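Student: Quick one: structure below, then a few questions.
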Amino acid sequence: MADFARSAHPGIQAQLDRLSKLSPAGDRLGLERTAALLDRLGRPQDGLPPLFHVAGTNGKGSTVAFLRAALEASGHSVHAFTSPHLVRFNERIRVAGRLIEDEELAATLTEVIDAGADIEPSFFEVATIAALLAFARTPADACILEVGLGGRLDSTNVIEQPLVTGITSLAVDHQQFLGSGLVGIAAEKAGIAKAGVPLVTQLYPRAVARRIGSIANDAGAGWIPRGSSWDAIIRQGRLRYRDQKGELDLPLPRLPGRHQAMNAALAVAMLRHQEQLRVPPSALTAAMGWADWPARLQQLTSGPLVASRDVWLDGGHNPSAARQIATYARRHWSDAPPLHLIFASLATKDPTGMLEPFAGVAQQVHAVPIPDHSCFSPDDLVEIGADLGFNVDGHEDVEQALAAVPEGARVLIFGSLYLAGAVLAANDQVPI
């Protein structure tokens with residue numbers, strides 16, 4: 001699947017245009033190109049501060065947000081690399097707490113592309129290398145890298161000695177690269193395990209857990225799974241966490257949903273299973289309220305697109321994410337106005353699996369396309385939704401879909417991070 005990026009900054013756009021011509025379209029796994037290009041650039045990955053490496057299917061970005069919030073609440077400066085961006089490419093690279101500036105990004109992209117023209121790196125490989133280069137040139141106390149795809153062969157996996165690695169929730173996604181079996185997908189994610197480095201994971205089905213444990217053992221990593229070495233539950237409106245160091249009674253995160261509480265718990269476990277960076281319990285408490293991650297059950301503010309309507313946005317794009325969001329809607333929106341779902345799906349995704357969890361939850365589905373991306377047409381989605389028993393209509397865009405929603409109804413826009421980015425841009429809510 002091709003990645004897309006546009007920039008209002010002419011220097012950045014010039015390099016993105018160069019990259020689109022230089023790099024083969026679509027995702028490519030493997031570490032050879034990344035390693036070769038980093039060698040040419042002086043191995044900036046060797047000059048990074050203590051590093052947290054996060055893999056998984058859903059929840060990676062939110063876990064990064066919780067890690068960053070807790071570290072910053074402890075007084076540490078933090079680099080962070082995440083993907084994809086929603087509106088601006090700069091969102092991927094946060095240097096010592098701030099999004100990379102346009103001029104620095106333009107210069108760094110130029111340097112990476114100039115050095116690797118004959119290597120033909122992919123879009124994501126260039127983004128990763130640009131981040132590592134920027135991070136190595138600015139002092140910070142910690143660094144967080146989010147895996148882009150898989151783990152074992154993801155370009156972020158060139159890091160040889162992270163401080164801690166972690167794996168979030170697992171589900172079937174990106175089958176064309178990772179296969180259709182959850183055990184095999186887990187094996188790819190567990191490929192970030194390193195000798196002597198804690199691997200902190202969520203709770204998984206037995207066969208999946210066995211595979212992760214086996215890979216961690218082979219790598220010489222210390223496997224720290226939820227349910228034994230640490231655990232967390234929601235009780236009486238609080239997040240109760242425990243490990244060998246003791247118990248914590250934390251507020252629930254402001255990011256809504258049980259899944260976000262478990263993402264926060266994983267971040268807490270990763271922080272408490274390392275000794276280099278001090279993170280007191282007060283910082284973990286603060287992180288629950290500080291952590292923010294756009295397009296994850298985000299209630300949109302009044303703006304040009306949504307006006308003053310009750311509109312929520314989530315970039316989930318697989319059946320597992322849909323189940324989490326539909327569960328939240330059942331628990332928290334059952335007595336509210338009727339829910340209208342504005343839905344889109346990339347051509348590589350599973351729209352049936354994403355719509356099914358909303359049966360009995362969404363009163364009406366409004367199918368839309370994803371601008372500038374290969375996606376299911378609204379007509380295709382109308383047919384899929386009708387076969388599932390939904391009342392469903394097709395629209396040319398989100399604006400038209402919103403116009404068709406009755407006043408007073410609640411709206412959830414769901415199905416794609418790319419769609420989420422377009423919605424945020426149209427509503428003047430650019431992430432900062």
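Chain lettering (A, B, ...) mirrors the order of the structure tokens, residue numbering begins at 1 for each chain separately, and ligand numbering begins at 1 in order of display.
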Considering only C-alpha atoms, return as a list in words whatever protein or nucleic-acid residues lie within 10 Å of Ile100 in chain A, sequence-local ones (same chain, fewer than 2 positions apart) excluded.

Tutor: Phe89, Asn90, Glu91, Arg92, Ile93, Arg94, Val95, Ala96, Gly97, Arg98, Asp102, Glu103, Glu104, Leu105, Ala106, Ala131, Ala134 and Phe135 of chain A

Student: I need the residues from that last selection saved to file as a compact mmCIF listing (two decimals), in the first residue's frame (with C-alpha atoms), if you can.

Tutor:
```txt
# COMPACT_ATOMS: atom_id res chain seq x y z
CA PHE A 89 4.40 14.63 7.92
CA ASN A 90 6.02 16.47 10.86
CA GLU A 91 3.70 14.57 13.26
CA ARG A 92 5.84 11.46 12.80
CA ILE A 93 8.97 13.03 14.30
CA ARG A 94 8.81 14.69 17.73
CA VAL A 95 12.25 16.02 18.71
CA ALA A 96 12.74 16.59 22.45
CA GLY A 97 9.02 17.12 22.91
CA ARG A 98 8.24 19.25 19.86
CA ASP A 102 9.70 22.52 8.71
CA GLU A 103 13.21 23.74 7.85
CA GLU A 104 14.89 20.97 9.82
CA LEU A 105 12.61 18.35 8.29
CA ALA A 106 13.26 19.59 4.76
CA ALA A 131 13.82 10.57 12.57
CA ALA A 134 17.17 14.25 13.89
CA PHE A 135 17.11 12.48 17.25
```

Student: Which of range 267-408 of chain A counts as strand (DSSP E or B) under DSSP, as number ranges by chain please?

Tutor: A: 298-299, 303, 307, 311-314, 339-343, 346, 362-367, 375, 392-394

Student: Fewer than 6 positions away in the same chain doesn't count, so skip those; otherwise give me all residues within 6 Å of Leu239 in chain A, counting only C-alpha atoms, as a list in words.

Tutor: Ile233, Leu250, Pro251 and Leu252 of chain A

Student: Determine, counting only C-alpha atoms, which protein, DNA and RNA residues have an atom within 6 Å of an atom of Cys143 in chain A; residues of the same chain fewer than 2 positions away are not included. Present the result as a ChimeraX atom specification.

Tutor: /A:49,51,78-80

Student: Keeping N, CA and C atoms, export the residues of the selection given above as a PDB file, in the first residue's frame.

Tutor:
```pdb
ATOM      1  N   PRO A  49      19.469   8.309  23.003  1.00  0.00           N
ATOM      2  CA  PRO A  49      19.299   8.088  24.442  1.00  0.00           C
ATOM      3  C   PRO A  49      18.572   6.768  24.707  1.00  0.00           C
ATOM      4  N   LEU A  51      16.119   3.862  24.903  1.00  0.00           N
ATOM      5  CA  LEU A  51      15.064   3.775  23.894  1.00  0.00           C
ATOM      6  C   LEU A  51      14.005   2.735  24.243  1.00  0.00           C
ATOM      7  N   VAL A  78      11.963  13.996  25.656  1.00  0.00           N
ATOM      8  CA  VAL A  78      11.671  12.736  24.958  1.00  0.00           C
ATOM      9  C   VAL A  78      11.569  12.953  23.444  1.00  0.00           C
ATOM     10  N   HIS A  79      12.294  12.127  22.697  1.00  0.00           N
ATOM     11  CA  HIS A  79      12.088  11.988  21.255  1.00  0.00           C
ATOM     12  C   HIS A  79      11.011  10.922  21.016  1.00  0.00           C
ATOM     13  N   ALA A  80      10.223  11.070  19.952  1.00  0.00           N
ATOM     14  CA  ALA A  80       9.238  10.031  19.618  1.00  0.00           C
ATOM     15  C   ALA A  80       9.023   9.969  18.113  1.00  0.00           C
TER      16      ALA A  80
END
```

Student: So how far away is CA of Ser320 in chain A from CA of Gln202 in chain A, in Å?

Tutor: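 Computing it gives 14.9 Å between the two atoms.
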
Student: Excluding range 274-279 of chain A and its own-chain neighbours fewer than 4 positions away, which residues fall within 9 Å of it when counting only C-alpha atoms? Please give them as a PyMOL selection string.

Tutor: chain A and resi 50+70-71+73-76+141-142+163-164+198+270+283-284

Student: Out of range 173-359 of chain A, which residues get helix (DSSP H, G or I) from DSSP, as a PyMOL selection string?

Tutor: chain A and resi 175-178+182-192+206-219+258-272+281-290+319-332+351-358

Student: Please report the interatomic distance between CA of Pro139 in chain A and CA of Phe52 in chain A in Å with one decimal.

Tutor: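 So the answer is 16.1 Å.
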
Student: Select, from A:His317, A:Arg68, A:His53, A:Arg309, the residue with the minimum atom-to-atom distance to Asp292 in chain A, counting only C-alpha atoms.

Tutor: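 For Asp292 in chain A, the nearest of the given residues is A:Arg68.
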
Student: Choose the residue, out of A:Val405, A:Gly151, A:Leu199, A:Pro294, that has the smallest atom-to-atom separation from Pro431 in chain A; count only C-alpha atoms.

Tutor: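 Distance minimum relative to Pro431 in chain A lands on A:Pro294.
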
Student: Tell me, in Å to one decimal, how far CA of Ala171 in chain A is from CA of Val411 in chain A.

Tutor: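 CA of Val411 in chain A lies 25.9 Å from CA of Ala171 in chain A.
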
Student: Report as a CSV table (one decimal) with N, CA, C and O atoms, in the first residue's frame all protein, DNA and RNA residues lying within 9 Å of Gln260 in chain A, evaluated on only C-alpha atoms, omitting residues in the same chain fewer than 5 positions from it.

Tutor:
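File produced: selection-v5.csv:
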```csv
chain,number,residue,atom,x,y,z
A,59,GLY,N,-3.1,0.0,19.3
A,59,GLY,CA,-2.7,0.6,20.5
A,59,GLY,C,-1.3,1.0,20.6
A,59,GLY,O,-0.8,1.6,21.6
A,62,SER,N,-1.1,5.0,21.0
A,62,SER,CA,-1.6,5.4,22.3
A,62,SER,C,-0.6,5.0,23.4
A,62,SER,O,-0.3,5.8,24.3
A,63,THR,N,0.0,3.8,23.3
A,63,THR,CA,1.1,3.4,24.3
A,63,THR,C,2.2,4.3,24.2
A,63,THR,O,2.8,4.7,25.3
A,252,LEU,N,-8.3,6.5,35.7
A,252,LEU,CA,-8.4,6.0,34.3
A,252,LEU,C,-7.9,7.1,33.4
A,252,LEU,O,-8.0,8.3,33.7
A,253,PRO,N,-7.3,6.7,32.3
A,253,PRO,CA,-6.9,7.8,31.3
A,253,PRO,C,-8.0,8.6,30.8
A,253,PRO,O,-9.1,8.1,30.7
A,254,ARG,N,-7.7,9.8,30.3
A,254,ARG,CA,-8.8,10.6,29.7
A,254,ARG,C,-9.1,10.1,28.3
A,254,ARG,O,-10.2,10.4,27.8
A,255,LEU,N,-8.2,9.4,27.7
A,255,LEU,CA,-8.5,8.7,26.4
A,255,LEU,C,-9.6,7.7,26.7
A,255,LEU,O,-9.3,6.7,27.5
A,265,ALA,N,-1.7,0.8,30.9
A,265,ALA,CA,-1.1,-0.2,31.8
A,265,ALA,C,0.2,-0.8,31.2
A,265,ALA,O,1.2,-1.0,32.0
```

Student: In terms of the shortest atom-to-atom distance over only C-alpha atoms, which of A:Arg410, A:Val197, A:Ser122, A:Arg206 is closest to Glu160 in chain A?

Tutor: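 When distances to Glu160 in chain A are compared using only C-alpha atoms, the smallest one comes from A:Val197.
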
Student: I'd like to know which of A:Gly116, A:Gly166, A:Pro337, A:Pro357 is closest to Trp223 in chain A, using only C-alpha atoms.

Tutor: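 Among the listed residues, A:Gly166 lies closest to Trp223 in chain A.
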
Student: Which residues come within 12 Å of range 338-341 of chain A, counting only C-alpha atoms, excluding same-chain residues fewer than 4 positions away, as JSON, numbers by chain?

Tutor: {"A": [310, 311, 312, 313, 314, 322, 325, 326, 329, 330, 332, 333, 334, 354, 355, 357, 358, 359, 360, 361, 362, 363, 364, 365, 366, 367, 368, 385, 390, 391, 392, 393, 394, 398, 401, 402, 403, 404, 405, 406, 407, 408, 409, 410, 411, 412, 413, 414, 415]}

Student: Counting only C-alpha atoms, which of A:Ala426, A:Ile119, A:Ile192, A:Ile342 gets nearest to Glu32 in chain A?

Tutor: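 Counting only C-alpha atoms, the residue closest to Glu32 in chain A is A:Ile119.
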
Student: Taking into account only C-alpha atoms, which residue in the set A:Phe124, A:Phe343, A:Tyr241, A:Phe81 is nearest to Pro378 in chain A?

Tutor: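 The shortest atom-to-atom distance to Pro378 in chain A comes from A:Phe343.
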